[in-house]
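Visitor: Contents of upload-v1.tsv (TSV, C-alpha atoms):
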```tsv
chain	number	residue	atom	x	y	z
A	33	MET	CA	-276.50	-145.60	53.78
A	34	ALA	CA	-275.12	-146.64	57.13
A	35	THR	CA	-276.08	-150.24	56.39
A	36	SER	CA	-274.35	-150.28	53.00
A	37	LEU	CA	-271.20	-148.75	54.46
A	38	THR	CA	-271.20	-151.35	57.20
A	39	ARG	CA	-271.64	-154.11	54.68
A	40	ARG	CA	-268.81	-152.76	52.56
A	41	ASP	CA	-266.59	-152.45	55.61
A	42	PHE	CA	-267.43	-156.01	56.52
A	43	ALA	CA	-266.59	-157.21	53.01
A	44	ALA	CA	-263.32	-155.30	53.04
A	45	SER	CA	-262.26	-156.66	56.40
A	46	ALA	CA	-263.20	-160.20	55.31
A	47	ILE	CA	-260.94	-159.81	52.28
A	48	LEU	CA	-258.13	-158.48	54.46
A	49	LEU	CA	-258.63	-161.35	56.87
A	50	VAL	CA	-258.39	-163.92	54.06
A	51	ALA	CA	-255.40	-162.16	52.52
A	52	GLY	CA	-253.75	-162.00	55.93
A	53	SER	CA	-254.20	-165.68	56.65
A	54	TYR	CA	-252.87	-166.61	53.19
A	55	ALA	CA	-249.92	-164.24	53.58
A	56	GLY	CA	-248.92	-166.29	56.62
A	57	TRP	CA	-248.03	-169.39	54.64
A	58	THR	CA	-248.45	-169.10	50.87
A	59	PRO	CA	-245.20	-167.27	49.98
A	60	ALA	CA	-243.12	-169.56	52.20
A	61	GLN	CA	-244.70	-172.66	50.65
A	62	ALA	CA	-244.14	-171.30	47.14
A	63	ALA	CA	-240.50	-170.40	47.78
A	64	GLU	CA	-239.50	-173.66	49.46
A	65	SER	CA	-238.83	-176.63	47.18
A	66	LYS	CA	-239.59	-180.25	47.91
A	67	PRO	CA	-236.44	-182.28	48.63
A	68	ALA	CA	-235.01	-183.36	45.31
A	69	ALA	CA	-231.98	-184.68	43.50
A	70	LYS	CA	-230.65	-183.75	40.08
A	71	LEU	CA	-229.00	-185.61	37.25
A	72	LEU	CA	-227.11	-182.99	35.24
A	73	VAL	CA	-225.94	-183.93	31.75
A	74	LEU	CA	-223.54	-181.67	29.87
A	75	TYR	CA	-223.24	-182.62	26.20
A	76	LYS	CA	-220.08	-181.36	24.54
A	77	THR	CA	-220.39	-179.96	21.02
A	78	PRO	CA	-221.13	-182.92	18.69
A	79	LYS	CA	-219.53	-183.55	15.31
A	80	ASP	CA	-222.85	-183.00	13.49
A	81	LYS	CA	-225.19	-180.62	15.31
A	82	ALA	CA	-228.20	-181.19	13.04
A	83	ALA	CA	-227.93	-184.97	13.41
A	84	PHE	CA	-227.58	-184.59	17.20
A	85	ASP	CA	-230.64	-182.33	17.40
A	86	ALA	CA	-232.80	-184.64	15.29
A	87	TYR	CA	-231.80	-187.79	17.19
A	88	TYR	CA	-232.09	-186.19	20.62
A	89	LYS	CA	-235.61	-184.97	19.94
A	90	ALA	CA	-236.97	-188.02	18.11
A	91	THR	CA	-235.28	-190.80	20.07
A	92	HIS	CA	-233.45	-189.80	23.22
A	93	ILE	CA	-236.13	-187.64	24.87
A	94	PRO	CA	-238.75	-190.40	24.61
A	95	LEU	CA	-236.25	-192.95	26.04
A	96	ALA	CA	-235.14	-190.72	28.92
A	97	SER	CA	-238.71	-189.73	29.74
A	98	LYS	CA	-239.38	-193.41	30.57
A	99	ILE	CA	-236.81	-193.54	33.40
A	100	PRO	CA	-238.74	-194.54	36.55
A	101	GLY	CA	-238.91	-191.86	39.23
A	102	LEU	CA	-238.24	-188.97	36.84
A	103	ARG	CA	-240.10	-185.86	38.05
A	104	THR	CA	-239.04	-183.11	35.68
A	105	TYR	CA	-236.78	-183.06	32.61
A	106	GLU	CA	-235.48	-179.71	31.43
A	107	ILE	CA	-233.07	-179.01	28.59
A	108	SER	CA	-231.25	-175.92	27.45
A	109	GLU	CA	-232.68	-173.91	24.60
A	110	GLY	CA	-230.18	-172.16	22.35
A	111	VAL	CA	-226.57	-171.42	23.11
A	112	VAL	CA	-224.95	-172.44	26.41
A	113	ASN	CA	-222.76	-169.51	27.48
A	114	THR	CA	-220.02	-168.88	30.00
A	115	PRO	CA	-219.33	-165.39	31.38
A	116	ALA	CA	-216.50	-165.19	28.80
A	117	GLY	CA	-218.64	-166.23	25.79
A	118	PRO	CA	-219.90	-169.46	24.17
A	119	SER	CA	-219.00	-172.67	26.01
A	120	ASP	CA	-217.87	-176.06	24.73
A	121	ILE	CA	-221.23	-177.39	25.99
A	122	TYR	CA	-223.81	-177.81	23.25
A	123	LEU	CA	-226.80	-178.97	25.31
A	124	THR	CA	-227.61	-179.38	28.99
A	125	ALA	CA	-230.25	-181.63	30.52
A	126	ILE	CA	-231.40	-181.41	34.14
A	127	LEU	CA	-233.45	-184.38	35.31
A	128	THR	CA	-235.08	-184.11	38.73
A	129	PHE	CA	-235.86	-187.07	41.00
A	130	ASP	CA	-236.92	-187.39	44.64
A	131	ASN	CA	-233.41	-188.20	45.89
A	132	LEU	CA	-230.02	-189.55	44.88
A	133	ALA	CA	-231.08	-193.14	45.60
A	134	ALA	CA	-234.01	-192.69	43.17
A	135	ILE	CA	-231.58	-191.51	40.47
A	136	GLN	CA	-229.34	-194.52	41.05
A	137	ALA	CA	-232.30	-196.90	40.95
A	138	GLY	CA	-233.67	-195.11	37.87
A	139	LEU	CA	-230.37	-195.48	36.02
A	140	ALA	CA	-230.07	-199.15	37.00
A	141	SER	CA	-233.55	-199.97	35.68
A	142	PRO	CA	-233.99	-201.35	32.12
A	143	GLU	CA	-235.36	-197.95	31.03
A	144	GLY	CA	-232.38	-196.16	32.62
A	145	GLN	CA	-229.94	-198.57	31.00
A	146	ALA	CA	-231.62	-198.03	27.63
A	147	ALA	CA	-231.40	-194.23	27.99
A	148	ALA	CA	-227.77	-194.30	29.20
A	149	GLY	CA	-226.79	-196.79	26.51
A	150	ASP	CA	-228.39	-194.55	23.90
A	151	LEU	CA	-225.78	-191.80	24.52
A	152	ALA	CA	-223.29	-193.67	22.36
A	153	ASN	CA	-225.70	-193.31	19.44
A	154	PHE	CA	-225.62	-189.50	19.27
A	155	ALA	CA	-223.33	-187.88	21.88
A	156	THR	CA	-220.38	-187.71	19.49
A	157	GLY	CA	-218.70	-184.90	21.45
A	158	GLY	CA	-218.99	-186.80	24.73
A	159	ALA	CA	-221.11	-186.00	27.78
A	160	ASP	CA	-220.45	-185.41	31.47
A	161	LEU	CA	-223.03	-186.70	33.97
A	162	PHE	CA	-223.27	-185.42	37.52
A	163	MET	CA	-225.81	-186.54	40.12
A	164	PHE	CA	-226.46	-185.14	43.57
A	165	ASP	CA	-229.05	-184.46	46.22
A	166	SER	CA	-230.06	-180.81	46.17
A	167	LYS	CA	-231.65	-178.30	48.51
A	168	ASP	CA	-232.47	-174.62	48.63
A	169	ALA	CA	-229.35	-172.58	49.37
B	252	MET	CA	-236.88	-169.95	32.49
B	253	ALA	CA	-233.12	-169.80	32.39
B	254	LYS	CA	-230.41	-171.35	34.55
B	255	LEU	CA	-227.01	-170.35	35.78
B	256	VAL	CA	-225.16	-173.56	36.67
B	257	VAL	CA	-222.00	-173.28	38.76
B	258	LEU	CA	-219.73	-176.32	39.13
B	259	TYR	CA	-217.17	-175.83	41.88
B	260	LYS	CA	-214.15	-178.10	41.57
B	261	THR	CA	-212.81	-179.69	44.74
B	262	PRO	CA	-211.24	-176.86	46.81
B	263	LYS	CA	-207.90	-177.05	48.58
B	264	ASP	CA	-209.57	-176.78	52.01
B	265	LYS	CA	-213.10	-178.22	52.08
B	266	ALA	CA	-213.96	-177.03	55.60
B	267	ALA	CA	-212.90	-173.46	54.79
B	268	PHE	CA	-214.87	-173.58	51.54
B	269	ASP	CA	-218.00	-174.83	53.32
B	270	ALA	CA	-217.80	-172.21	56.05
B	271	TYR	CA	-217.21	-169.32	53.65
B	272	TYR	CA	-219.86	-170.44	51.19
B	273	LYS	CA	-222.50	-170.72	53.88
B	274	ALA	CA	-221.64	-167.58	55.85
B	275	THR	CA	-220.76	-165.22	53.02
B	276	HIS	CA	-221.35	-166.36	49.46
B	277	ILE	CA	-224.97	-167.52	49.77
B	278	SER	CA	-226.05	-164.17	51.21
B	279	LEU	CA	-224.19	-162.29	48.47
B	280	ALA	CA	-225.67	-164.46	45.71
B	281	TYR	CA	-229.21	-164.10	47.09
B	282	LYS	CA	-228.98	-160.35	46.46
B	283	ILE	CA	-228.57	-160.82	42.68
B	284	PRO	CA	-231.55	-159.06	41.06
B	285	GLY	CA	-234.04	-161.31	39.23
B	286	LEU	CA	-233.00	-164.50	41.06
B	287	LYS	CA	-236.04	-166.82	41.30
B	288	LYS	CA	-234.56	-169.91	42.85
B	289	TYR	CA	-231.15	-170.93	44.22
B	290	GLU	CA	-230.42	-174.61	44.75
B	291	ILE	CA	-227.17	-176.24	45.81
B	292	SER	CA	-226.00	-179.83	46.00
B	293	ASP	CA	-226.25	-181.57	49.37
B	294	GLY	CA	-223.50	-184.11	49.93
B	295	ALA	CA	-221.24	-185.76	47.38
B	296	VAL	CA	-221.53	-185.06	43.65
B	297	SER	CA	-221.24	-188.37	41.78
B	298	THR	CA	-220.76	-189.53	38.23
B	299	PRO	CA	-221.96	-192.94	36.98
B	300	ALA	CA	-218.34	-194.11	37.47
B	301	GLY	CA	-217.94	-192.79	41.05
B	302	PRO	CA	-217.11	-189.53	42.83
B	303	ALA	CA	-216.83	-186.42	40.62
B	304	ASP	CA	-214.11	-183.75	40.59
B	305	VAL	CA	-216.98	-181.35	41.27
B	306	TYR	CA	-217.36	-180.55	44.98
B	307	LEU	CA	-220.49	-178.38	44.92
B	308	THR	CA	-223.07	-177.43	42.33
B	309	ALA	CA	-225.32	-174.37	42.38
B	310	ILE	CA	-228.29	-173.94	40.06
B	311	LEU	CA	-229.73	-170.42	39.99
B	312	THR	CA	-233.00	-169.89	38.14
B	313	PHE	CA	-234.01	-166.63	36.43
B	314	ASP	CA	-236.74	-165.64	33.97
B	315	SER	CA	-234.48	-165.59	30.91
B	316	LEU	CA	-230.87	-165.62	29.74
B	317	ALA	CA	-231.12	-161.85	29.28
B	318	ALA	CA	-232.13	-161.56	32.96
B	319	ILE	CA	-229.05	-163.59	33.98
B	320	GLN	CA	-226.76	-161.44	31.87
B	321	SER	CA	-228.14	-158.18	33.21
B	322	ALA	CA	-228.10	-159.57	36.76
B	323	LEU	CA	-224.43	-160.50	36.46
B	324	GLY	CA	-223.75	-157.00	35.17
B	325	SER	CA	-225.41	-155.41	38.22
B	326	ALA	CA	-223.48	-154.28	41.29
B	327	GLU	CA	-224.86	-157.25	43.28
B	328	GLY	CA	-223.96	-159.68	40.48
B	329	GLN	CA	-220.46	-158.27	40.26
B	330	ALA	CA	-220.05	-158.61	44.02
B	331	ALA	CA	-221.17	-162.26	43.96
B	332	ALA	CA	-219.02	-163.13	40.92
B	333	GLY	CA	-216.04	-161.27	42.39
B	334	ASP	CA	-216.46	-163.20	45.62
B	335	LEU	CA	-215.58	-166.51	43.88
B	336	ALA	CA	-211.89	-165.63	44.08
B	337	ASN	CA	-212.22	-165.56	47.88
B	338	PHE	CA	-213.15	-169.23	48.30
B	339	ALA	CA	-213.33	-171.21	45.01
B	340	SER	CA	-209.75	-172.40	45.35
B	341	GLY	CA	-210.33	-175.39	43.04
B	342	GLY	CA	-211.86	-173.19	40.33
B	343	ALA	CA	-215.44	-173.06	39.10
B	344	ASP	CA	-217.19	-173.47	35.75
B	345	LEU	CA	-220.21	-171.27	35.04
B	346	TYR	CA	-222.79	-172.07	32.37
B	347	MET	CA	-225.89	-170.05	31.55
B	348	PHE	CA	-228.72	-170.87	29.19
B	349	ASP	CA	-232.41	-170.58	28.52
B	350	SER	CA	-234.22	-173.77	29.49
B	351	LYS	CA	-237.49	-175.49	28.72
B	352	ASP	CA	-239.23	-178.77	29.45
B	353	ALA	CA	-237.85	-181.56	27.22
```
Re-express the file's structure as structure tokens.
Guide:
Amino acid sequence: MATSLTRRDFAASAILLVAGSYAGWTPAQAAESKPAAKLLVLYKTPKDKAAFDAYYKATHIPLASKIPGLRTYEISEGVVNTPAGPSDIYLTAILTFDNLAAIQAGLASPEGQAAAGDLANFATGGADLFMFDSKDA
Amino acid sequence: MAKLVVLYKTPKDKAAFDAYYKATHISLAYKIPGLKKYEISDGAVSTPAGPADVYLTAILTFDSLAAIQSALGSAEGQAAAGDLANFASGGADLYMFDSKDA
């Protein structure tokens, strides 16, 4: 009995020890982002939404995904709202790179030029592009 | 995931904006319930044609659009949103949306 209690106590303290050592760094590592830069694209409402959707999915995403240095590529899903209601933005895209220089080099590459040049083929409402280094607030 | 994107237009007094944002607004915004991640631009915001009329961007990540909407309706969300009038002298555009990998 005494032996089994001791063993259980040992196991419990080993678990606590492991949990304690992880607690020292895991949450901080998870919460802190790697340095990054973002290319934010705000597409205004196009003349033909169905045509925009079809072209964006079939053609533009594959082109943009080829931009060198691209780390993540997220787009909005559904309506883009403002606090006051629906916005004049139809779709947003947030492309993440290592830094602003990587975005600039990515856009200057043949793949970047092809993706940027493709906007004229479907962004009939226009699009605003913003690029910047970013960090945790 | 869902994002709340805030685009701050160039303020009248950049130094005052920077000081207030750092000392007051970030701590208020961090209290918004359901906030997963809070990133801001570091340095100039550019367009392909040159400098933008946007001075600072903030991208706040939540679990869903519904989480953003309820967060903004909370006391902490109201305090953070109400604080914009205290420093965003160039105005600010807010956009919120569900997001997914392309």
Visitor: Using only C-alpha atoms, can you tell me which of B:Ala353, B:Ala318, B:Val256, B:Ile310 comes closest to His92 (chain A)?
Guide: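 Among the listed residues, B:Ala353 lies closest to His92 (chain A).
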Visitor: Could you please determine the separation between CA of Asp168 (chain A) and CA of Ile277 (chain B) in Å, to one decimal place?
Guide: 10.4 Å
Visitor: Using all atoms listed in the file, determine which residues lie at most 9 Å from Thr275 (chain B), disregarding the query and same-chain residues fewer than 5 positions distant; provide the list as a list in words.
Guide: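 Counting all atoms listed in the file, the residues come to Ala270, Ala280 and Asp334 of chain B.
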Visitor: Once you count all atoms listed in the file, which residues of chain B turn out to be within 8 Å of chain A? Could you give them as a compact mmCIF listing (two decimals) with C-alpha atoms, in the frame of the given file?
Guide:
```txt
# COMPACT_ATOMS: atom_id res chain seq x y z
CA ILE B 277 -224.97 -167.52 49.77
CA LYS B 288 -234.56 -169.91 42.85
CA TYR B 289 -231.15 -170.93 44.22
CA GLU B 290 -230.42 -174.61 44.75
CA ILE B 291 -227.17 -176.24 45.81
CA SER B 292 -226.00 -179.83 46.00
CA ASP B 293 -226.25 -181.57 49.37
CA GLY B 294 -223.50 -184.11 49.93
CA ALA B 295 -221.24 -185.76 47.38
CA VAL B 296 -221.53 -185.06 43.65
CA SER B 297 -221.24 -188.37 41.78
CA THR B 298 -220.76 -189.53 38.23
CA PRO B 299 -221.96 -192.94 36.98
CA ALA B 303 -216.83 -186.42 40.62
CA ASP B 344 -217.19 -173.47 35.75
CA LEU B 345 -220.21 -171.27 35.04
CA TYR B 346 -222.79 -172.07 32.37
CA MET B 347 -225.89 -170.05 31.55
CA PHE B 348 -228.72 -170.87 29.19
CA ASP B 349 -232.41 -170.58 28.52
CA SER B 350 -234.22 -173.77 29.49
CA LYS B 351 -237.49 -175.49 28.72
CA ASP B 352 -239.23 -178.77 29.45
CA ALA B 353 -237.85 -181.56 27.22
```
Visitor: Please return as a list in words every residue within 7 Å of (-234.4, -162.7, 32.3), taking into account all atoms listed in the file and the file's own coordinates.
Guide: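 Output: Phe313, Asp314, Ser315, Leu316, Ala317, Ala318 and Ile319 of chain B.
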Visitor: Might you pull out every residue within 9 Å of Leu323 (chain B), with all atoms listed in the file counted and same-chain residues fewer than 6 positions away left off, and present them as a PyMOL selection string?
Guide: (chain A and resi 115) or (chain B and resi 283-284+329-332)
Visitor: Identify which of the residues B:Gly285, B:Leu279, B:Gly342, B:Ala300 lies closest to Glu327 (chain B), counting all atoms listed in the file when measuring atom-to-atom distances.
Guide: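 Residue with the minimum atom-to-atom distance to Glu327 (chain B): B:Leu279.
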Visitor: Can you tell me how far CA of Gly144 (chain A) sits from CA of Phe129 (chain A), in Å to one decimal?
Guide: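 Value for the CA of Gly144 (chain A)-CA of Phe129 (chain A) distance: 12.8 Å.
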Visitor: Please output region 93-104 of chain A, rebuilt to include N, CA and C atoms, as a compact mmCIF listing (two decimals), in the coordinates of the input.
Guide:
```txt
# COMPACT_ATOMS: atom_id res chain seq x y z
N ILE A 93 -235.14 -188.18 23.92
CA ILE A 93 -236.13 -187.64 24.87
C ILE A 93 -237.19 -188.69 25.23
N PRO A 94 -237.77 -189.37 24.23
CA PRO A 94 -238.75 -190.40 24.61
C PRO A 94 -238.15 -191.51 25.48
N LEU A 95 -236.91 -191.91 25.21
CA LEU A 95 -236.25 -192.95 26.04
C LEU A 95 -236.03 -192.45 27.47
N ALA A 96 -235.46 -191.25 27.59
CA ALA A 96 -235.14 -190.72 28.92
C ALA A 96 -236.40 -190.43 29.73
N SER A 97 -237.46 -190.04 29.04
CA SER A 97 -238.71 -189.73 29.74
C SER A 97 -239.31 -190.96 30.41
N LYS A 98 -238.86 -192.15 29.97
CA LYS A 98 -239.38 -193.41 30.57
C LYS A 98 -238.65 -193.83 31.84
N ILE A 99 -237.58 -193.14 32.20
CA ILE A 99 -236.81 -193.54 33.40
C ILE A 99 -237.71 -193.45 34.63
N PRO A 100 -237.85 -194.55 35.38
CA PRO A 100 -238.74 -194.54 36.55
C PRO A 100 -238.28 -193.52 37.59
N GLY A 101 -239.23 -192.82 38.17
CA GLY A 101 -238.91 -191.86 39.23
C GLY A 101 -238.60 -190.45 38.73
N LEU A 102 -238.54 -190.29 37.41
CA LEU A 102 -238.24 -188.97 36.84
C LEU A 102 -239.39 -188.01 37.13
N ARG A 103 -239.07 -186.85 37.72
CA ARG A 103 -240.10 -185.86 38.05
C ARG A 103 -240.19 -184.74 37.04
N THR A 104 -239.06 -184.14 36.73
CA THR A 104 -239.04 -183.11 35.68
C THR A 104 -237.79 -183.32 34.83
```
